[in-house]
Amino acid sequence: MLSKGVTALKNDELMAILLGTGVQGKDVRKLSKEIISLLDDNFDNLTLDRLCDIHGLGQVKASQVLASIELSKRYLIRSNKRITSAQEVYDELKSFSTKSQEHFLTITLDGASHIINTRTVFIGTLNQSLVHPREVFADAIADRAAGIIISHNHPSGTLEASRADIQITQRLKEVSKLVGIELLDHVILSKYGYYSFSDEGLLP
């Protein structure tokens, strides 16, 4: 690391530096490779108990690994963009405003309004049979999101919410209350600008 820099190291080499030493019968590189293998397979469900299942990794070293991951996550979240207005949603998704097909999108947010992830849920004409709450909220639940913003584009350029747009929004608002993830806004995108349900007072 001193000679080539931290970015030149493999994942198991970075882990070896974090651990410092191995245990009797298992050197630090072998132990590191086993930990990295676990991270690759179970990163989203990583727990102290899972780490301690690795032979030679006690609670102290397992806690160091877990703490370093959590610290990294917090600093990564701090570096992410925040969404606090419909204008910022439009700026984030502006590339979709000129698409020739309708794209239905979600932005998941943490409790401080940092973007966790932006996803295209589906492509096609919007109707209630396509916009299923399960598809919309599944990733938000997996992200442990505090809030979600939905958005879609109008290829026609119109900036008025259709009857279907309103019905879909109302349905997803009801589901959001049940799952405990707040629906913060539904932003319609077009080449002429945006329409925000929140700004129009349609998300009580």
# chains A, B, ... in the order shown; residues from 1 in each chain; ligands from 1

$ residues_around --residues "segment 95-108 of chain A" --least-positions-apart "4" --cutoff "7 Å" --atoms "only C-alpha atoms" --output "ChimeraX atom specification"
/A:115-125,140,145,147-155,189-191

$ residues_around --residues "Leu38 of chain A" --least-positions-apart "3" --cutoff "12 Å" --atoms "only C-alpha atoms" --output "ChimeraX atom specification"
/A:12,31-35,41-48,50-54,65

$ write_last_selection --atoms "C-alpha atoms" --output "CSV table (one decimal), in the first residue's frame"
chain,number,residue,atom,x,y,z
A,12,ASP,CA,-8.6,-9.4,0.4
A,31,LEU,CA,-8.6,-15.4,6.8
A,32,SER,CA,-9.1,-12.2,4.7
A,33,LYS,CA,-10.1,-14.2,1.7
A,34,GLU,CA,-12.8,-16.1,3.7
A,35,ILE,CA,-14.2,-12.8,4.9
A,41,ASP,CA,-22.3,-13.6,-0.9
A,42,ASN,CA,-24.1,-11.9,2.0
A,43,PHE,CA,-23.2,-8.2,2.1
A,44,ASP,CA,-26.8,-7.0,2.5
A,45,ASN,CA,-27.4,-9.5,5.4
A,46,LEU,CA,-24.1,-9.2,7.1
A,47,THR,CA,-24.2,-9.6,10.9
A,48,LEU,CA,-21.7,-10.1,13.7
A,50,ARG,CA,-22.3,-14.5,10.4
A,51,LEU,CA,-18.8,-13.1,10.6
A,52,CYS,CA,-18.1,-15.0,13.8
A,53,ASP,CA,-19.0,-18.2,12.0
A,54,ILE,CA,-15.7,-17.9,10.1
A,65,VAL,CA,-14.8,-5.4,10.2

$ atom_distance --atom1 "atom CA of Leu203 of chain A" --atom2 "atom CA of His186 of chain A"
8.6 Å

$ select_by_dssp --residues "chain A" --states "strand (DSSP E)" --output "MDAnalysis selection string"
chainID A and resid 103:109 115:123 147:153 182:190 193:196

$ residues_around --residues "segment 159-165 of chain A" --least-positions-apart "6" --cutoff "7 Å" --atoms "only C-alpha atoms" --output "VMD selection string"
chain A and resid 127 188 190 194 to 195

$ residues_around --residues "Gly25 of chain A" --least-positions-apart "5" --cutoff "12 Å" --atoms "only C-alpha atoms" --output "PDB file with N, CA and C atoms, in the first residue's frame"
ATOM      1  N   LYS A  30      -5.370 -15.843   4.274  1.00  0.00           N
ATOM      2  CA  LYS A  30      -6.421 -16.867   4.143  1.00  0.00           C
ATOM      3  C   LYS A  30      -7.693 -16.428   4.865  1.00  0.00           C
ATOM      4  N   LEU A  31      -7.506 -15.872   6.057  1.00  0.00           N
ATOM      5  CA  LEU A  31      -8.644 -15.390   6.829  1.00  0.00           C
ATOM      6  C   LEU A  31      -9.352 -14.258   6.078  1.00  0.00           C
ATOM      7  N   HIS A  55     -14.148 -19.530  11.011  1.00  0.00           N
ATOM      8  CA  HIS A  55     -13.183 -20.061  11.971  1.00  0.00           C
ATOM      9  C   HIS A  55     -11.970 -19.136  12.075  1.00  0.00           C
ATOM     10  N   GLY A  56     -11.660 -18.748  13.306  1.00  0.00           N
ATOM     11  CA  GLY A  56     -10.508 -17.888  13.539  1.00  0.00           C
ATOM     12  C   GLY A  56     -10.855 -16.413  13.661  1.00  0.00           C
TER      13      GLY A  56
END

$ atom_distance --atom1 "atom CA of Ala86 of chain A" --atom2 "atom CA of Gly193 of chain A"
10.5 Å

$ select_by_dssp --residues "segment 46-190 of chain A" --states "helix (DSSP H, G or I)" --output "mmCIF file with N, CA and C atoms, in the first residue's frame"
data_model
loop_
_atom_site.group_PDB
_atom_site.id
_atom_site.type_symbol
_atom_site.label_atom_id
_atom_site.label_comp_id
_atom_site.auth_asym_id
_atom_site.auth_seq_id
_atom_site.Cartn_x
_atom_site.Cartn_y
_atom_site.Cartn_z
ATOM 1 N N LEU A 48 -22.870 -9.681 12.899
ATOM 2 C CA LEU A 48 -21.737 -10.089 13.721
ATOM 3 C C LEU A 48 -21.694 -11.617 13.845
ATOM 4 N N ASP A 49 -22.842 -12.232 14.005
ATOM 5 C CA ASP A 49 -22.897 -13.693 14.134
ATOM 6 C C ASP A 49 -22.393 -14.387 12.869
ATOM 7 N N ARG A 50 -22.780 -13.859 11.709
ATOM 8 C CA ARG A 50 -22.326 -14.456 10.447
ATOM 9 C C ARG A 50 -20.804 -14.370 10.324
ATOM 10 N N LEU A 51 -20.256 -13.234 10.708
ATOM 11 C CA LEU A 51 -18.799 -13.078 10.647
ATOM 12 C C LEU A 51 -18.104 -14.033 11.616
ATOM 13 N N CYS A 52 -18.679 -14.172 12.789
ATOM 14 C CA CYS A 52 -18.064 -15.034 13.808
ATOM 15 C C CYS A 52 -18.150 -16.512 13.447
ATOM 16 N N GLN A 59 -14.971 -12.205 18.149
ATOM 17 C CA GLN A 59 -15.885 -11.064 18.223
ATOM 18 C C GLN A 59 -15.181 -9.724 18.041
ATOM 19 N N VAL A 60 -13.947 -9.618 18.528
ATOM 20 C CA VAL A 60 -13.234 -8.339 18.440
ATOM 21 C C VAL A 60 -12.924 -7.995 16.988
ATOM 22 N N LYS A 61 -12.300 -8.928 16.262
ATOM 23 C CA LYS A 61 -11.967 -8.663 14.860
ATOM 24 C C LYS A 61 -13.222 -8.547 14.002
ATOM 25 N N ALA A 62 -14.225 -9.379 14.300
ATOM 26 C CA ALA A 62 -15.487 -9.294 13.557
ATOM 27 C C ALA A 62 -16.136 -7.919 13.766
ATOM 28 N N SER A 63 -16.053 -7.419 14.986
ATOM 29 C CA SER A 63 -16.609 -6.094 15.285
ATOM 30 C C SER A 63 -15.849 -4.995 14.538
ATOM 31 N N GLN A 64 -14.535 -5.148 14.401
ATOM 32 C CA GLN A 64 -13.735 -4.178 13.652
ATOM 33 C C GLN A 64 -14.155 -4.137 12.191
ATOM 34 N N VAL A 65 -14.373 -5.328 11.623
ATOM 35 C CA VAL A 65 -14.808 -5.411 10.222
ATOM 36 C C VAL A 65 -16.170 -4.745 10.056
ATOM 37 N N LEU A 66 -17.111 -5.092 10.928
ATOM 38 C CA LEU A 66 -18.467 -4.550 10.844
ATOM 39 C C LEU A 66 -18.467 -3.027 11.032
ATOM 40 N N ALA A 67 -17.654 -2.552 11.979
ATOM 41 C CA ALA A 67 -17.579 -1.116 12.249
ATOM 42 C C ALA A 67 -17.001 -0.357 11.055
ATOM 43 N N SER A 68 -15.998 -0.930 10.418
ATOM 44 C CA SER A 68 -15.376 -0.259 9.267
ATOM 45 C C SER A 68 -16.359 -0.161 8.098
ATOM 46 N N ILE A 69 -17.166 -1.208 7.911
ATOM 47 C CA ILE A 69 -18.167 -1.193 6.844
ATOM 48 C C ILE A 69 -19.234 -0.139 7.121
ATOM 49 N N GLU A 70 -19.713 -0.097 8.353
ATOM 50 C CA GLU A 70 -20.753 0.873 8.719
ATOM 51 C C GLU A 70 -20.237 2.302 8.593
ATOM 52 N N LEU A 71 -18.987 2.532 9.006
ATOM 53 C CA LEU A 71 -18.399 3.869 8.907
ATOM 54 C C LEU A 71 -18.290 4.297 7.447
ATOM 55 N N SER A 72 -17.875 3.359 6.597
ATOM 56 C CA SER A 72 -17.769 3.653 5.166
ATOM 57 C C SER A 72 -19.131 3.998 4.575
ATOM 58 N N LYS A 73 -20.158 3.233 4.957
ATOM 59 C CA LYS A 73 -21.508 3.500 4.462
ATOM 60 C C LYS A 73 -21.958 4.914 4.820
ATOM 61 N N ARG A 74 -21.683 5.315 6.055
ATOM 62 C CA ARG A 74 -22.143 6.627 6.505
ATOM 63 C C ARG A 74 -21.467 7.762 5.738
ATOM 64 N N TYR A 75 -20.189 7.603 5.440
ATOM 65 C CA TYR A 75 -19.491 8.636 4.691
ATOM 66 C C TYR A 75 -19.895 8.623 3.223
ATOM 67 N N LEU A 76 -20.205 7.438 2.687
ATOM 68 C CA LEU A 76 -20.682 7.365 1.312
ATOM 69 C C LEU A 76 -22.035 8.042 1.182
ATOM 70 N N ILE A 77 -22.898 7.829 2.170
ATOM 71 C CA ILE A 77 -24.210 8.471 2.167
ATOM 72 C C ILE A 77 -24.066 9.985 2.237
ATOM 73 N N ARG A 78 -23.111 10.459 3.037
ATOM 74 C CA ARG A 78 -22.893 11.896 3.149
ATOM 75 C C ARG A 78 -22.484 12.516 1.821
ATOM 76 N N SER A 79 -21.793 11.741 0.990
ATOM 77 C CA SER A 79 -21.321 12.270 -0.287
ATOM 78 C C SER A 79 -22.399 12.215 -1.372
ATOM 79 N N ALA A 86 -38.877 19.407 -6.053
ATOM 80 C CA ALA A 86 -39.218 18.812 -7.345
ATOM 81 C C ALA A 86 -38.230 19.238 -8.421
ATOM 82 N N GLN A 87 -37.712 20.439 -8.308
ATOM 83 C CA GLN A 87 -36.713 20.908 -9.273
ATOM 84 C C GLN A 87 -35.478 20.013 -9.249
ATOM 85 N N GLU A 88 -35.070 19.601 -8.058
ATOM 86 C CA GLU A 88 -33.909 18.713 -7.943
ATOM 87 C C GLU A 88 -34.211 17.321 -8.497
ATOM 88 N N VAL A 89 -35.459 16.879 -8.358
ATOM 89 C CA VAL A 89 -35.865 15.609 -8.974
ATOM 90 C C VAL A 89 -35.748 15.738 -10.491
ATOM 91 N N TYR A 90 -36.257 16.833 -11.018
ATOM 92 C CA TYR A 90 -36.194 17.065 -12.467
ATOM 93 C C TYR A 90 -34.745 17.109 -12.954
ATOM 94 N N ASP A 91 -33.884 17.800 -12.212
ATOM 95 C CA ASP A 91 -32.473 17.887 -12.595
ATOM 96 C C ASP A 91 -31.824 16.506 -12.596
ATOM 97 N N GLU A 92 -32.194 15.677 -11.623
ATOM 98 C CA GLU A 92 -31.623 14.332 -11.502
ATOM 99 C C GLU A 92 -32.095 13.418 -12.637
ATOM 100 N N LEU A 93 -33.337 13.587 -13.065
ATOM 101 C CA LEU A 93 -33.932 12.673 -14.049
ATOM 102 C C LEU A 93 -34.156 13.324 -15.412
ATOM 103 N N LYS A 94 -33.526 14.442 -15.643
ATOM 104 C CA LYS A 94 -33.792 15.233 -16.850
ATOM 105 C C LYS A 94 -33.575 14.449 -18.141
ATOM 106 N N SER A 95 -32.655 13.495 -18.120
ATOM 107 C CA SER A 95 -32.358 12.725 -19.335
ATOM 108 C C SER A 95 -33.563 11.904 -19.803
ATOM 109 N N PHE A 96 -34.518 11.660 -18.887
ATOM 110 C CA PHE A 96 -35.707 10.879 -19.246
ATOM 111 C C PHE A 96 -36.824 11.760 -19.818
ATOM 112 N N PRO A 133 -47.874 -1.905 -6.730
ATOM 113 C CA PRO A 133 -47.158 -1.450 -5.527
ATOM 114 C C PRO A 133 -46.005 -2.363 -5.121
ATOM 115 N N ARG A 134 -46.160 -3.658 -5.343
ATOM 116 C CA ARG A 134 -45.086 -4.598 -4.984
ATOM 117 C C ARG A 134 -43.797 -4.262 -5.721
ATOM 118 N N GLU A 135 -43.930 -3.958 -7.020
ATOM 119 C CA GLU A 135 -42.749 -3.633 -7.821
ATOM 120 C C GLU A 135 -42.150 -2.290 -7.407
ATOM 121 N N VAL A 136 -43.004 -1.367 -7.029
ATOM 122 C CA VAL A 136 -42.546 -0.020 -6.665
ATOM 123 C C VAL A 136 -41.825 -0.018 -5.321
ATOM 124 N N PHE A 137 -42.382 -0.758 -4.341
ATOM 125 C CA PHE A 137 -41.847 -0.674 -2.985
ATOM 126 C C PHE A 137 -40.863 -1.775 -2.613
ATOM 127 N N ALA A 138 -40.743 -2.822 -3.435
ATOM 128 C CA ALA A 138 -39.834 -3.931 -3.094
ATOM 129 C C ALA A 138 -38.406 -3.452 -2.902
ATOM 130 N N ASP A 139 -37.904 -2.652 -3.850
ATOM 131 C CA ASP A 139 -36.523 -2.169 -3.757
ATOM 132 C C ASP A 139 -36.371 -1.145 -2.634
ATOM 133 N N ALA A 140 -37.415 -0.346 -2.418
ATOM 134 C CA ALA A 140 -37.365 0.653 -1.338
ATOM 135 C C ALA A 140 -37.248 -0.032 0.015
ATOM 136 N N ILE A 141 -37.961 -1.138 0.174
ATOM 137 C CA ILE A 141 -37.877 -1.906 1.421
ATOM 138 C C ILE A 141 -36.487 -2.505 1.562
ATOM 139 N N ALA A 142 -35.953 -3.058 0.457
ATOM 140 C CA ALA A 142 -34.602 -3.632 0.482
ATOM 141 C C ALA A 142 -33.551 -2.570 0.785
ATOM 142 N N ARG A 163 -55.899 11.305 -15.464
ATOM 143 C CA ARG A 163 -56.712 10.627 -14.455
ATOM 144 C C ARG A 163 -55.984 9.388 -13.922
ATOM 145 N N ALA A 164 -55.325 8.647 -14.852
ATOM 146 C CA ALA A 164 -54.568 7.460 -14.448
ATOM 147 C C ALA A 164 -53.400 7.834 -13.539
ATOM 148 N N ASP A 165 -52.724 8.942 -13.837
ATOM 149 C CA ASP A 165 -51.613 9.411 -13.000
ATOM 150 C C ASP A 165 -52.078 9.671 -11.570
ATOM 151 N N ILE A 166 -53.237 10.310 -11.454
ATOM 152 C CA ILE A 166 -53.780 10.648 -10.132
ATOM 153 C C ILE A 166 -54.182 9.386 -9.375
ATOM 154 N N GLN A 167 -54.831 8.453 -10.071
ATOM 155 C CA GLN A 167 -55.266 7.208 -9.433
ATOM 156 C C GLN A 167 -54.076 6.383 -8.958
ATOM 157 N N ILE A 168 -53.051 6.302 -9.785
ATOM 158 C CA ILE A 168 -51.843 5.549 -9.425
ATOM 159 C C ILE A 168 -51.178 6.169 -8.204
ATOM 160 N N THR A 169 -51.109 7.488 -8.189
ATOM 161 C CA THR A 169 -50.471 8.190 -7.068
ATOM 162 C C THR A 169 -51.236 7.957 -5.776
ATOM 163 N N GLN A 170 -52.543 8.043 -5.843
ATOM 164 C CA GLN A 170 -53.366 7.815 -4.645
ATOM 165 C C GLN A 170 -53.189 6.393 -4.122
ATOM 166 N N ARG A 171 -53.147 5.438 -5.040
ATOM 167 C CA ARG A 171 -52.978 4.030 -4.645
ATOM 168 C C ARG A 171 -51.628 3.815 -3.968
ATOM 169 N N LEU A 172 -50.576 4.376 -4.562
ATOM 170 C CA LEU A 172 -49.235 4.202 -3.995
ATOM 171 C C LEU A 172 -49.077 4.963 -2.679
ATOM 172 N N LYS A 173 -49.788 6.069 -2.536
ATOM 173 C CA LYS A 173 -49.762 6.809 -1.277
ATOM 174 C C LYS A 173 -50.347 5.963 -0.148
ATOM 175 N N GLU A 174 -51.435 5.268 -0.433
ATOM 176 C CA GLU A 174 -52.052 4.401 0.573
ATOM 177 C C GLU A 174 -51.111 3.272 0.980
ATOM 178 N N VAL A 175 -50.448 2.674 -0.014
ATOM 179 C CA VAL A 175 -49.517 1.578 0.273
ATOM 180 C C VAL A 175 -48.311 2.090 1.058
ATOM 181 N N SER A 176 -47.860 3.291 0.735
ATOM 182 C CA SER A 176 -46.689 3.844 1.424
ATOM 183 C C SER A 176 -46.927 3.976 2.927
ATOM 184 N N LYS A 177 -48.175 4.302 3.279
ATOM 185 C CA LYS A 177 -48.514 4.418 4.705
ATOM 186 C C LYS A 177 -48.460 3.059 5.389
ATOM 187 N N LEU A 178 -48.858 2.025 4.665
ATOM 188 C CA LEU A 178 -48.867 0.676 5.233
ATOM 189 C C LEU A 178 -47.449 0.141 5.450
ATOM 190 N N VAL A 179 -46.549 0.409 4.493
ATOM 191 C CA VAL A 179 -45.181 -0.136 4.594
ATOM 192 C C VAL A 179 -44.247 0.781 5.373
#

$ atom_distance --atom1 "atom CA of Ser196 of chain A" --atom2 "atom CA of Lys81 of chain A"
19.4 Å
